[in-house]
>>> print(open('upload_13.tsv').read())   # TSV, C-alpha atoms
chain	number	residue	atom	x	y	z
B	1	MET	CA	0.00	0.00	0.00
B	2	THR	CA	1.48	3.35	-1.05
B	3	GLU	CA	1.92	6.38	1.20
B	4	ALA	CA	-0.61	8.28	-0.92
B	5	THR	CA	-3.21	5.55	-0.34
B	6	LEU	CA	-2.53	5.52	3.39
B	7	LEU	CA	-2.83	9.31	3.55
B	8	LYS	CA	-6.08	9.21	1.58
B	9	ARG	CA	-7.56	6.60	3.89
B	10	ALA	CA	-6.40	8.50	6.98
B	11	LEU	CA	-8.05	11.69	5.71
B	12	GLY	CA	-11.22	9.79	4.87
B	13	LEU	CA	-11.26	8.24	8.35
B	14	GLY	CA	-10.73	11.66	9.92
B	15	VAL	CA	-13.63	13.18	7.97
B	16	ALA	CA	-15.85	10.22	8.84
B	17	LEU	CA	-14.94	10.59	12.53
B	18	VAL	CA	-15.83	14.28	12.49
B	19	VAL	CA	-19.19	13.55	10.86
B	20	VAL	CA	-19.97	10.73	13.31
B	21	LEU	CA	-19.09	12.87	16.34
B	22	LEU	CA	-21.28	15.72	15.13
B	23	LEU	CA	-24.19	13.38	14.36
B	24	VAL	CA	-23.97	11.62	17.70
B	25	GLY	CA	-23.84	15.01	19.39
B	26	GLN	CA	-27.03	15.98	17.57
B	27	LEU	CA	-28.78	12.78	18.66
B	28	LEU	CA	-27.70	13.09	22.30
B	29	GLY	CA	-28.33	16.83	22.47
B	30	GLN	CA	-24.81	17.71	23.55
B	31	PRO	CA	-21.43	18.12	21.85
B	32	ILE	CA	-19.29	14.99	21.65
B	33	LEU	CA	-15.66	16.14	21.27
B	34	LEU	CA	-16.76	18.74	18.71
B	35	GLY	CA	-19.10	21.69	19.08
B	36	TYR	CA	-19.83	25.01	17.40
B	37	VAL	CA	-21.35	28.43	18.05
B	38	ALA	CA	-24.14	29.92	15.95
B	39	THR	CA	-23.89	33.54	17.16
B	40	GLY	CA	-21.17	36.11	17.78
B	41	SER	CA	-21.64	36.35	21.56
B	42	MET	CA	-18.18	34.82	22.13
B	43	GLU	CA	-16.25	37.02	19.70
B	44	PRO	CA	-13.33	37.39	19.29
B	45	ALA	CA	-12.53	34.00	20.93
B	46	LEU	CA	-15.15	32.27	18.77
B	47	GLU	CA	-16.59	33.83	15.65
B	48	ALA	CA	-20.14	32.99	14.59
B	49	GLY	CA	-20.01	29.61	12.82
B	50	ASP	CA	-16.71	28.52	14.37
B	51	GLY	CA	-16.27	25.03	15.77
B	52	PHE	CA	-14.28	24.02	18.81
B	53	VAL	CA	-12.97	20.95	20.59
B	54	ALA	CA	-15.44	20.11	23.38
B	55	ILE	CA	-14.27	17.99	26.30
B	56	PRO	CA	-17.24	16.20	27.97
B	57	SER	CA	-17.78	17.23	31.59
B	58	VAL	CA	-17.07	13.69	32.78
B	59	ALA	CA	-13.50	14.05	31.51
B	60	ALA	CA	-12.92	17.80	31.85
B	61	GLY	CA	-12.37	17.96	35.60
B	62	GLU	CA	-13.24	20.92	37.81
B	63	VAL	CA	-14.53	24.07	36.13
B	64	GLU	CA	-12.45	27.17	36.83
B	65	GLU	CA	-12.87	30.88	36.21
B	66	GLY	CA	-11.88	31.64	32.62
B	67	ASP	CA	-13.11	28.31	31.21
B	68	VAL	CA	-15.46	28.37	28.23
B	69	VAL	CA	-18.28	25.94	28.98
B	70	VAL	CA	-21.29	24.50	27.21
B	71	PHE	CA	-24.30	24.45	29.54
B	72	GLU	CA	-28.03	23.84	29.47
B	73	ALA	CA	-29.44	27.35	29.78
B	74	ARG	CA	-32.87	27.97	31.30
B	75	GLU	CA	-33.70	31.42	30.00
B	76	LEU	CA	-31.11	32.34	27.35
B	77	HIS	CA	-32.50	31.95	23.82
B	78	GLY	CA	-35.52	30.16	25.24
B	79	GLY	CA	-33.35	27.51	26.91
B	80	GLY	CA	-30.98	25.00	25.36
B	81	LEU	CA	-27.23	24.67	24.94
B	82	THR	CA	-25.21	27.86	25.35
B	83	THR	CA	-21.44	28.36	25.06
B	84	HIS	CA	-20.16	31.14	27.33
B	85	ARG	CA	-17.20	31.86	29.61
B	86	VAL	CA	-17.18	31.39	33.39
B	87	VAL	CA	-16.32	34.77	34.94
B	88	GLY	CA	-17.08	34.03	38.60
B	89	GLU	CA	-18.46	31.60	41.15
B	90	THR	CA	-20.89	32.03	44.04
B	91	ASP	CA	-22.57	29.72	46.51
B	92	GLU	CA	-25.42	29.31	44.03
B	93	GLY	CA	-23.23	28.37	41.07
B	94	TYR	CA	-21.16	29.87	38.28
B	95	VAL	CA	-21.47	33.33	36.75
B	96	THR	CA	-21.24	33.17	32.95
B	97	LYS	CA	-20.85	35.74	30.20
B	98	GLY	CA	-20.35	35.92	26.46
B	99	ASP	CA	-17.06	37.69	25.70
B	100	ALA	CA	-18.85	40.10	23.36
B	101	ASN	CA	-21.75	40.78	25.74
B	102	PRO	CA	-21.74	43.92	27.95
B	103	PHE	CA	-23.27	42.11	30.96
B	104	THR	CA	-23.32	38.66	32.53
B	105	ASP	CA	-25.98	36.07	31.80
B	106	GLN	CA	-27.16	36.34	35.39
B	107	ASP	CA	-27.68	40.10	35.02
B	108	GLY	CA	-29.92	39.20	32.08
B	109	GLY	CA	-32.13	36.87	34.11
B	110	GLU	CA	-30.34	33.52	33.70
B	111	PRO	CA	-30.02	31.68	37.04
B	112	HIS	CA	-26.55	30.78	38.23
B	113	VAL	CA	-25.15	27.82	36.31
B	114	THR	CA	-24.65	24.69	38.40
B	115	LYS	CA	-22.25	21.82	37.74
B	116	GLY	CA	-25.16	19.64	36.70
B	117	GLN	CA	-25.99	21.98	33.81
B	118	ILE	CA	-22.48	21.91	32.30
B	119	VAL	CA	-22.11	19.26	29.60
B	120	ALA	CA	-18.70	20.15	28.14
B	121	THR	CA	-15.70	22.48	28.36
B	122	ALA	CA	-13.99	24.01	25.33
B	123	LEU	CA	-10.33	23.03	24.94
B	124	GLN	CA	-7.98	25.97	25.52
B	125	VAL	CA	-4.23	26.22	24.90
B	126	ASN	CA	-2.43	29.07	26.64
B	127	GLY	CA	-5.80	30.64	27.39
B	128	ASP	CA	-7.01	30.58	23.76
B	129	VAL	CA	-9.89	28.38	22.61
B	130	VAL	CA	-8.85	25.82	19.98
B	131	THR	CA	-11.15	26.72	17.08
B	132	ILE	CA	-12.14	25.03	13.83
B	133	PRO	CA	-13.13	27.89	11.49
B	134	GLY	CA	-16.28	27.33	9.47
B	135	LEU	CA	-17.25	24.02	11.08
B	136	GLY	CA	-20.47	25.38	12.53
B	137	THR	CA	-21.38	27.10	9.27
B	138	ALA	CA	-20.98	23.83	7.40
B	139	VAL	CA	-23.01	21.87	9.96
B	140	MET	CA	-25.81	24.44	9.98
B	141	GLY	CA	-25.85	24.37	6.18
B	142	ILE	CA	-26.18	20.60	6.17
B	143	GLN	CA	-28.94	20.83	8.79
B	144	SER	CA	-30.79	23.37	6.66
B	145	VAL	CA	-30.60	21.14	3.57
B	146	ALA	CA	-31.62	18.10	5.61
B	147	LYS	CA	-34.57	19.99	7.10
B	148	SER	CA	-35.74	21.04	3.64
B	149	ALA	CA	-35.36	17.47	2.39
B	150	TYR	CA	-37.27	16.18	5.41
B	151	GLY	CA	-40.12	18.62	4.73
B	152	THR	CA	-40.29	17.42	1.12
B	153	ILE	CA	-40.01	13.68	1.75
B	154	ALA	CA	-41.92	13.32	5.03
B	155	PRO	CA	-45.44	13.76	3.54
B	156	VAL	CA	-44.73	10.93	1.07
B	157	PHE	CA	-44.36	8.52	3.99
B	158	GLY	CA	-47.19	10.04	6.02
B	159	LEU	CA	-44.93	11.75	8.54
B	160	THR	CA	-46.57	14.85	9.99
B	161	THR	CA	-44.20	15.71	12.84
B	162	THR	CA	-41.89	18.70	12.59
B	163	ALA	CA	-38.23	17.91	12.15
B	164	GLY	CA	-36.37	18.84	15.32
B	165	SER	CA	-32.66	18.50	15.99
B	166	GLU	CA	-33.04	14.84	16.95
B	167	GLY	CA	-35.08	14.11	13.82
B	168	ILE	CA	-32.55	15.85	11.63
B	169	GLY	CA	-29.73	14.00	13.37
B	170	ALA	CA	-31.48	10.68	12.77
B	171	LEU	CA	-32.07	11.63	9.13
B	172	LEU	CA	-28.38	12.42	8.66
B	173	VAL	CA	-27.39	9.15	10.31
B	174	ALA	CA	-29.75	7.24	8.01
B	175	LEU	CA	-28.32	9.10	5.02
B	176	GLY	CA	-24.80	8.20	6.12
B	177	VAL	CA	-25.73	4.52	6.46
B	178	ALA	CA	-27.37	4.58	3.03
B	179	LEU	CA	-24.29	6.15	1.45
B	180	LEU	CA	-22.09	3.59	3.18
B	181	GLY	CA	-24.20	0.76	1.79
B	182	PHE	CA	-24.21	2.34	-1.65
B	183	GLY	CA	-20.42	2.64	-1.54
B	184	ALA	CA	-20.07	-0.99	-0.50
B	185	LEU	CA	-22.39	-2.02	-3.34
B	186	LEU	CA	-20.33	-0.10	-5.87
B	187	GLU	CA	-17.18	-1.70	-4.49
B	188	ARG	CA	-18.60	-5.19	-5.24
B	189	VAL	CA	-20.64	-4.74	-8.42
B	190	GLY	CA	-19.36	-1.47	-9.85
B	191	PRO	CA	-16.85	-1.02	-12.67
B	192	GLY	CA	-14.04	-3.51	-12.26
B	193	ARG	CA	-10.43	-2.59	-11.66
B	194	ARG	CA	-7.46	-4.51	-12.90
B	195	GLU	CA	-5.74	-6.26	-10.03
B	196	THR	CA	-2.05	-5.37	-9.84
B	197	HIS	CA	-1.18	-7.65	-6.96
B	198	ARG	CA	-1.98	-11.16	-5.86
B	199	SER	CA	-4.49	-11.50	-3.06
B	200	ARG	CA	-3.38	-13.50	-0.06
B	201	SER	CA	-6.84	-13.74	1.46
B	202	ARG	CA	-8.56	-17.12	1.61
B	203	GLU	CA	-12.17	-17.52	0.51
B	204	ASN	CA	-14.74	-18.78	3.02
B	205	VAL	CA	-12.31	-18.17	5.92
B	206	ILE	CA	-12.65	-15.57	8.65
B	207	ALA	CA	-9.44	-14.80	10.53
B	208	PHE	CA	-9.73	-15.76	14.20
B	209	TRP	CA	-8.54	-12.41	15.51
B	210	THR	CA	-10.93	-10.55	13.19
B	211	ALA	CA	-13.86	-12.59	14.50
B	212	LEU	CA	-12.71	-12.14	18.08
B	213	GLY	CA	-12.35	-8.40	17.56
B	214	LEU	CA	-15.93	-8.16	16.32
B	215	VAL	CA	-17.19	-10.14	19.30
B	216	LEU	CA	-15.30	-7.90	21.72
B	217	LEU	CA	-16.58	-4.80	19.96
B	218	VAL	CA	-20.17	-5.95	20.47
B	219	PHE	CA	-19.60	-6.87	24.13
B	220	VAL	CA	-17.80	-3.66	25.00
B	221	THR	CA	-20.31	-1.49	23.14
B	222	PHE	CA	-23.31	-2.99	24.93
B	223	ALA	CA	-21.55	-3.00	28.31
B	224	THR	CA	-20.57	0.66	27.97
B	225	ALA	CA	-24.08	1.58	26.83
B	226	ALA	CA	-25.57	-0.24	29.84
B	227	MET	CA	-23.42	1.93	32.13
B	228	VAL	CA	-23.50	5.27	30.34
B	229	ILE	CA	-27.05	5.58	28.99
B	230	PRO	CA	-28.92	5.20	32.35
B	231	SER	CA	-26.43	7.54	34.06
B	232	GLY	CA	-27.02	11.25	34.14
B	233	THR	CA	-28.09	14.22	36.22
B	234	THR	CA	-31.43	14.67	37.99
B	235	GLU	CA	-32.72	18.16	38.68
B	236	TYR	CA	-34.70	19.02	41.81
B	237	GLY	CA	-36.66	22.24	42.20
B	238	LEU	CA	-36.50	23.96	45.60
B	239	VAL	CA	-38.44	26.92	46.97
B	240	SER	CA	-37.21	28.84	50.00
B	241	THR	CA	-40.19	30.73	51.40
B	242	ASN	CA	-41.57	32.20	54.61
B	243	SER	CA	-44.78	30.26	53.94
B	244	PRO	CA	-43.60	26.62	53.74
B	245	THR	CA	-45.94	23.72	52.99
B	246	ASP	CA	-45.89	19.97	53.53
B	247	ASP	CA	-44.10	19.62	50.19
B	248	PRO	CA	-40.47	18.64	50.97
B	249	GLN	CA	-39.37	20.97	48.17
B	250	VAL	CA	-41.18	24.04	49.54
B	251	LEU	CA	-39.29	24.90	52.72
B	252	ALA	CA	-38.62	27.66	55.19
B	253	PRO	CA	-35.14	29.25	55.02
B	254	GLY	CA	-32.61	26.87	56.56
B	255	GLU	CA	-35.10	23.99	56.69
B	256	THR	CA	-34.23	20.57	55.20
B	257	GLY	CA	-36.60	18.34	53.26
B	258	GLU	CA	-36.12	14.73	52.20
B	259	LEU	CA	-37.04	13.00	48.94
B	260	GLU	CA	-36.83	9.32	48.02
B	261	ARG	CA	-34.86	8.47	44.89
B	262	THR	CA	-35.45	5.10	43.18
B	263	VAL	CA	-32.74	3.25	41.28
B	264	ASP	CA	-34.08	0.57	38.92
B	265	ASN	CA	-31.94	-2.21	37.46
B	266	THR	CA	-33.74	-3.97	34.61
B	267	GLY	CA	-30.65	-5.89	33.48
B	268	TYR	CA	-29.36	-9.36	34.19
B	269	LEU	CA	-26.22	-8.22	36.00
B	270	PRO	CA	-26.08	-6.46	39.37
B	271	ILE	CA	-24.97	-2.83	39.24
B	272	VAL	CA	-23.15	-0.44	41.53
B	273	THR	CA	-24.70	3.02	41.61
B	274	VAL	CA	-22.74	6.06	42.78
B	275	HIS	CA	-24.65	9.25	43.65
B	276	GLU	CA	-22.68	12.46	43.24
B	277	VAL	CA	-23.84	15.82	44.60
B	278	ARG	CA	-23.54	18.59	42.01
B	279	SER	CA	-25.06	21.52	43.89
B	280	ASN	CA	-24.67	23.16	47.27
B	281	ASN	CA	-26.90	22.26	50.23
B	282	VAL	CA	-27.69	18.78	48.92
B	283	ALA	CA	-26.87	15.38	50.43
B	284	VAL	CA	-27.58	11.82	49.27
B	285	GLU	CA	-27.61	8.69	51.46
B	286	PRO	CA	-26.26	6.21	50.74
B	287	GLY	CA	-23.62	7.67	48.46
B	288	SER	CA	-23.26	4.32	46.69
B	289	GLN	CA	-25.26	1.11	46.64
B	290	THR	CA	-25.46	-2.25	44.91
B	291	VAL	CA	-28.71	-3.09	43.13
B	292	GLY	CA	-29.40	-6.73	42.30
B	293	ILE	CA	-30.54	-8.34	39.08
B	294	ARG	CA	-33.91	-6.95	37.87
B	295	SER	CA	-34.35	-5.22	41.19
B	296	SER	CA	-34.46	-1.70	42.58
B	297	GLY	CA	-32.94	0.33	45.39
B	298	THR	CA	-33.71	3.61	47.09
B	299	ALA	CA	-31.67	6.57	48.24
B	300	THR	CA	-32.63	9.62	50.28
B	301	VAL	CA	-31.99	13.09	48.83
B	302	SER	CA	-31.83	15.88	51.43
B	303	LEU	CA	-32.46	19.45	50.22
B	304	THR	CA	-31.67	22.45	52.45
B	305	ALA	CA	-33.34	25.77	51.63
B	306	PRO	CA	-31.03	28.82	51.42
B	307	GLU	CA	-31.54	31.69	53.86
B	308	ALA	CA	-32.53	34.00	50.99
B	309	THR	CA	-36.05	33.29	49.78
B	310	GLY	CA	-36.62	32.39	46.14
B	311	GLU	CA	-36.69	29.50	43.69
B	312	TYR	CA	-33.60	27.32	43.27
B	313	THR	CA	-32.51	24.22	41.42
B	314	ARG	CA	-30.35	21.42	42.78
B	315	HIS	CA	-28.65	18.60	40.87
B	316	VAL	CA	-27.65	15.04	41.74
B	317	GLY	CA	-25.54	12.95	39.37
B	318	GLU	CA	-25.87	9.19	39.02
B	319	TYR	CA	-23.20	6.79	37.71
B	320	ARG	CA	-23.74	3.08	37.07
B	321	TYR	CA	-21.21	0.27	36.77
B	322	LEU	CA	-21.70	-3.42	36.06
B	323	THR	CA	-20.62	-5.41	39.11
B	324	VAL	CA	-17.88	-7.50	37.55
B	325	LEU	CA	-15.50	-6.26	40.28
B	326	PRO	CA	-16.08	-5.84	44.03
B	327	PRO	CA	-18.31	-2.80	44.68
B	328	SER	CA	-15.66	-1.19	46.90
B	329	VAL	CA	-13.14	-1.39	44.04
B	330	LEU	CA	-15.58	0.23	41.60
B	331	VAL	CA	-16.38	3.03	44.06
B	332	SER	CA	-12.67	3.66	44.61
B	333	LEU	CA	-12.03	3.76	40.85
B	334	HIS	CA	-14.96	6.15	40.45
B	335	GLY	CA	-13.29	8.38	43.03
B	336	LEU	CA	-10.26	8.57	40.74
B	337	HIS	CA	-12.39	9.20	37.66
B	338	PRO	CA	-15.60	7.70	36.22
B	339	LEU	CA	-13.70	6.72	33.08
B	340	ALA	CA	-11.31	4.66	35.21
B	341	ALA	CA	-14.21	2.60	36.55
B	342	ILE	CA	-15.71	2.14	33.07
B	343	ALA	CA	-12.32	1.10	31.67
B	344	ALA	CA	-11.84	-1.44	34.48
B	345	VAL	CA	-15.27	-2.99	33.87
B	346	ASN	CA	-14.63	-3.21	30.13
B	347	GLY	CA	-11.19	-4.72	30.81
B	348	VAL	CA	-12.73	-7.52	32.86
B	349	ILE	CA	-15.41	-8.13	30.23
B	350	VAL	CA	-12.78	-8.32	27.47
B	351	GLY	CA	-10.71	-10.77	29.51
B	352	LEU	CA	-13.68	-13.01	30.22
B	353	ALA	CA	-14.87	-12.92	26.60
B	354	VAL	CA	-11.43	-13.82	25.27
B	355	ALA	CA	-11.11	-16.69	27.75
B	356	ILE	CA	-14.54	-18.09	26.86
B	357	VAL	CA	-13.94	-17.83	23.09
B	358	LEU	CA	-10.54	-19.50	23.37
B	359	LEU	CA	-11.96	-22.25	25.57
B	360	VAL	CA	-14.95	-22.99	23.30
B	361	PHE	CA	-13.57	-22.37	19.81
B	362	GLY	CA	-9.80	-22.45	20.21
B	363	HIS	CA	-7.72	-20.00	18.21
B	364	THR	CA	-7.98	-21.39	14.68
B	365	ASP	CA	-9.51	-19.46	11.80
B	366	LEU	CA	-13.24	-19.91	11.21
B	367	ARG	CA	-14.25	-21.67	7.99
B	368	PHE	CA	-17.68	-21.77	6.40
B	369	ARG	CA	-19.15	-23.35	3.29
B	370	SER	CA	-20.59	-21.42	0.40
B	371	ALA	CA	-22.93	-22.63	-2.30
B	372	GLY	CA	-20.76	-21.02	-4.95
B	373	ASP	CA	-21.57	-18.54	-7.66
B	374	HIS	CA	-22.45	-21.32	-10.13
B	375	VAL	CA	-25.59	-22.21	-8.16
B	376	PRO	CA	-28.58	-20.02	-9.20
B	377	LEU	CA	-30.11	-17.83	-6.52
B	378	SER	CA	-33.51	-19.49	-6.99
B	379	THR	CA	-31.95	-22.92	-6.28
B	380	ARG	CA	-30.25	-21.63	-3.13
B	381	LEU	CA	-33.50	-20.11	-1.87
B	382	GLU	CA	-35.36	-23.35	-2.60
B	383	ARG	CA	-32.80	-25.32	-0.58
B	384	LYS	CA	-33.18	-22.93	2.32
B	385	LEU	CA	-36.97	-23.27	2.27
B	386	ARG	CA	-36.74	-27.07	2.30
B	387	LYS	CA	-34.96	-26.96	5.64
B	388	TRP	CA	-37.93	-25.20	7.24
B	389	ARG	CA	-40.60	-27.57	5.90
>>> encode(input="upload_13.tsv", output="structure tokens")
Amino acid sequence: MTEATLLKRALGLGVALVVVLLLVGQLLGQPILLGYVATGSMEPALEAGDGFVAIPSVAAGEVEEGDVVVFEARELHGGGLTTHRVVGETDEGYVTKGDANPFTDQDGGEPHVTKGQIVATALQVNGDVVTIPGLGTAVMGIQSVAKSAYGTIAPVFGLTTTAGSEGIGALLVALGVALLGFGALLERVGPGRRETHRSRSRENVIAFWTALGLVLLVFVTFATAAMVIPSGTTEYGLVSTNSPTDDPQVLAPGETGELERTVDNTGYLPIVTVHEVRSNNVAVEPGSQTVGIRSSGTATVSLTAPEATGEYTRHVGEYRYLTVLPPSVLVSLHGLHPLAAIAAVNGVIVGLAVAIVLLVFGHTDLRFRSAGDHVPLSTRLERKLRKWR
């Protein structure tokens, strides 16, 4: 393989990775390694339409003054993701501001931003945001075309719902899959190319390590999804008032109310759940617990009303890990970093899967029989149907 071919494939892989990250971010409603700004509120650090490298909050560490963060706004632009800089911190949360704005978000009516609202932090080098010029403009252009296409095609299939960001993201993913399939079809039945080298591959044989890699990919993907998808942040409303009620979330200043939090495990492996406080004046007991197979557990969330009356929000994070290691080990690894615990679980799963595959199948290549191209398709289908009679 020539250097030019390697470079071409590397560039193609890089472009595909960028597209996948942006599409996944659209589906999940938060940037995954890449994000962009649509307005000029962060100029000159980020021009309208610029992209940036977004580090997910789970991997970004503690937020500090000067960081540019992506957070779920409540009032700004009608709510939704906003990318602004942290310019201060109070007991109620962070103070944020667009570099080009004359006042802070909180002066404009946005409540203080809590840790639970922050989904990502923009990568900065020497205090400057690492930007990708034009990325956002390109993405918004693609979204606009996709939305127009959706509006044209949807009535044909009887779809009457409006295309939101998730619908557009799903449409783009479907388009990508279709193009991938079309490319694979062209590769097999398209115009032939003269072979300039002898193939060393063997027909009807799957390399052992290739098959094992696919098996591990499936196991690790599902295991990671089982831990990551149910995890997240829960928001609790709290009212500090001089006229409290029996509602544990409507309290007198300084009073504490208690709520019960349920943790459901619908899987066939026990899980370890770690509760992490992400706001002030909140406590959760127990901080971690093991929930059995297809069972549930409960935790108590204690909310303390601030001395100043008003409406507040509090956040509690939840992390889940498959119990393939002792719970105390998983909790300790979580204390280092959630990714450390996830990596340890996946490491154990990979080890067990490899051991089982080697024990059952050995390490020889997998061979399978084929009917051959000389057998008509109708004959092959007829043979298949006979087996089910």
>>> residues_around(input="upload_13.tsv", residues="Arg320 in chain B", least_positions_apart="2", cutoff="8 Å", atoms="all atoms listed in the file", output="ChimeraX atom specification")
/B:227-228,230-231,271-274,318,322
>>> residues_around(input="upload_13.tsv", residues="range 111-117 of chain B", least_positions_apart="2", cutoff="7 Å", atoms="all atoms listed in the file", output="list in words")
Phe71, Glu72, Glu92, Gly93, Tyr94, Val95, Gln106, Gly109, Val119, Thr233, Arg278, Ser279 and His315 of chain B
>>> write_last_selection(input="upload_13.tsv", atoms="C-alpha atoms", output="tab-separated table (two decimals), keeping the file's coordinate frame")
chain	number	residue	atom	x	y	z
B	71	PHE	CA	-24.30	24.45	29.54
B	72	GLU	CA	-28.03	23.84	29.47
B	92	GLU	CA	-25.42	29.31	44.03
B	93	GLY	CA	-23.23	28.37	41.07
B	94	TYR	CA	-21.16	29.87	38.28
B	95	VAL	CA	-21.47	33.33	36.75
B	106	GLN	CA	-27.16	36.34	35.39
B	109	GLY	CA	-32.13	36.87	34.11
B	119	VAL	CA	-22.11	19.26	29.60
B	233	THR	CA	-28.09	14.22	36.22
B	278	ARG	CA	-23.54	18.59	42.01
B	279	SER	CA	-25.06	21.52	43.89
B	315	HIS	CA	-28.65	18.60	40.87
>>> closest_residue(input="upload_13.tsv", among="B:Val87, B:Val291, B:Ala4, B:Val129", to="Glu43 in chain B", atoms="all atoms listed in the file")
B:Val129
>>> closest_residue(input="upload_13.tsv", among="B:Leu269, B:Leu339, B:Val218, B:Ile132", to="Ala48 in chain B", atoms="only C-alpha atoms")
B:Ile132
>>> residues_near_point(input="upload_13.tsv", point="(-34.9, -8.8, 35.5)", cutoff="8 Å", atoms="all atoms listed in the file", output="short mmCIF file (atom, residue, chain, number, x, y, z; two decimals) with C-alpha atoms, in the coordinates of the input")
data_model
loop_
_atom_site.label_atom_id
_atom_site.label_comp_id
_atom_site.auth_asym_id
_atom_site.auth_seq_id
_atom_site.Cartn_x
_atom_site.Cartn_y
_atom_site.Cartn_z
CA ASN B 265 -31.94 -2.21 37.46
CA THR B 266 -33.74 -3.97 34.61
CA GLY B 267 -30.65 -5.89 33.48
CA TYR B 268 -29.36 -9.36 34.19
CA ILE B 293 -30.54 -8.34 39.08
CA ARG B 294 -33.91 -6.95 37.87
CA SER B 295 -34.35 -5.22 41.19
#
>>> atom_distance(input="upload_13.tsv", atom1="CA of Leu81 in chain B", atom2="CA of Glu110 in chain B")
12.8 Å
>>> residues_around(input="upload_13.tsv", residues="range 65-68 of chain B", least_positions_apart="5", cutoff="10 Å", atoms="all atoms listed in the file", output="list in words")
Met42, Ala45, Ala54, Thr83, His84, Arg85, Val86, Val87, Gly88, Glu89, Tyr94, Val95, Thr96, Lys97, Gly98, Asp99, Ala120, Thr121, Ala122, Leu123, Gln124, Gly127, Asp128 and Val129 of chain B
>>> write_last_selection(input="upload_13.tsv", atoms="C-alpha atoms", output="mmCIF file, in the coordinates of the input")
data_model
loop_
_atom_site.group_PDB
_atom_site.id
_atom_site.type_symbol
_atom_site.label_atom_id
_atom_site.label_comp_id
_atom_site.auth_asym_id
_atom_site.auth_seq_id
_atom_site.Cartn_x
_atom_site.Cartn_y
_atom_site.Cartn_z
ATOM 1 C CA MET B 42 -18.180 34.820 22.130
ATOM 2 C CA ALA B 45 -12.530 34.000 20.930
ATOM 3 C CA ALA B 54 -15.440 20.110 23.380
ATOM 4 C CA THR B 83 -21.440 28.360 25.060
ATOM 5 C CA HIS B 84 -20.160 31.140 27.330
ATOM 6 C CA ARG B 85 -17.200 31.860 29.610
ATOM 7 C CA VAL B 86 -17.180 31.390 33.390
ATOM 8 C CA VAL B 87 -16.320 34.770 34.940
ATOM 9 C CA GLY B 88 -17.080 34.030 38.600
ATOM 10 C CA GLU B 89 -18.460 31.600 41.150
ATOM 11 C CA TYR B 94 -21.160 29.870 38.280
ATOM 12 C CA VAL B 95 -21.470 33.330 36.750
ATOM 13 C CA THR B 96 -21.240 33.170 32.950
ATOM 14 C CA LYS B 97 -20.850 35.740 30.200
ATOM 15 C CA GLY B 98 -20.350 35.920 26.460
ATOM 16 C CA ASP B 99 -17.060 37.690 25.700
ATOM 17 C CA ALA B 120 -18.700 20.150 28.140
ATOM 18 C CA THR B 121 -15.700 22.480 28.360
ATOM 19 C CA ALA B 122 -13.990 24.010 25.330
ATOM 20 C CA LEU B 123 -10.330 23.030 24.940
ATOM 21 C CA GLN B 124 -7.980 25.970 25.520
ATOM 22 C CA GLY B 127 -5.800 30.640 27.390
ATOM 23 C CA ASP B 128 -7.010 30.580 23.760
ATOM 24 C CA VAL B 129 -9.890 28.380 22.610
#
>>> atom_distance(input="upload_13.tsv", atom1="CA of Val316 in chain B", atom2="CA of Val239 in chain B")
16.9 Å
>>> atom_distance(input="upload_13.tsv", atom1="CA of Thr256 in chain B", atom2="CA of Arg314 in chain B")
13.0 Å
>>> residues_near_point(input="upload_13.tsv", point="(-13.9, -2.4, 40.4)", cutoff="10 Å", atoms="all atoms listed in the file", output="list in words")
Val272, Tyr321, Leu322, Thr323, Val324, Leu325, Pro326, Pro327, Ser328, Val329, Leu330, Val331, Ser332, Leu333, His334, Ala340, Ala341, Ile342, Ala343, Ala344, Val345 and Val348 of chain B
>>> axis_aligned_box(input="upload_13.tsv", around="range 249-260 of chain B", padding_each_side="5 Å", output="lines of an AutoDock Vina configuration file")
center_x = -36.9
center_y = 19.3
center_z = 52.4
size_x = 18.6
size_y = 29.9
size_z = 18.7
>>> closest_residue(input="upload_13.tsv", among="B:Leu238, B:Val53, B:Val301, B:Leu336", to="Val130 in chain B", atoms="only C-alpha atoms")
B:Val53
>>> closest_residue(input="upload_13.tsv", among="B:Leu358, B:Leu34, B:Ala59, B:Leu7", to="Pro338 in chain B", atoms="all atoms listed in the file")
B:Ala59
>>> closest_residue(input="upload_13.tsv", among="B:Thr304, B:Val263, B:Thr245, B:Glu62", to="Gly292 in chain B", atoms="all atoms listed in the file")
B:Val263
>>> residues_around(input="upload_13.tsv", residues="Thr137 in chain B", least_positions_apart="4", cutoff="10 Å", atoms="all atoms listed in the file", output="tab-separated table (two decimals) with C-alpha atoms, keeping the file's coordinate frame")
chain	number	residue	atom	x	y	z
B	36	TYR	CA	-19.83	25.01	17.40
B	37	VAL	CA	-21.35	28.43	18.05
B	38	ALA	CA	-24.14	29.92	15.95
B	48	ALA	CA	-20.14	32.99	14.59
B	49	GLY	CA	-20.01	29.61	12.82
B	50	ASP	CA	-16.71	28.52	14.37
B	51	GLY	CA	-16.27	25.03	15.77
B	133	PRO	CA	-13.13	27.89	11.49
B	141	GLY	CA	-25.85	24.37	6.18
B	142	ILE	CA	-26.18	20.60	6.17
B	143	GLN	CA	-28.94	20.83	8.79
>>> residues_around(input="upload_13.tsv", residues="Pro244 in chain B", least_positions_apart="5", cutoff="12 Å", atoms="all atoms listed in the file", output="number ranges by chain")
B: 238-239, 249-257, 305, 309-310
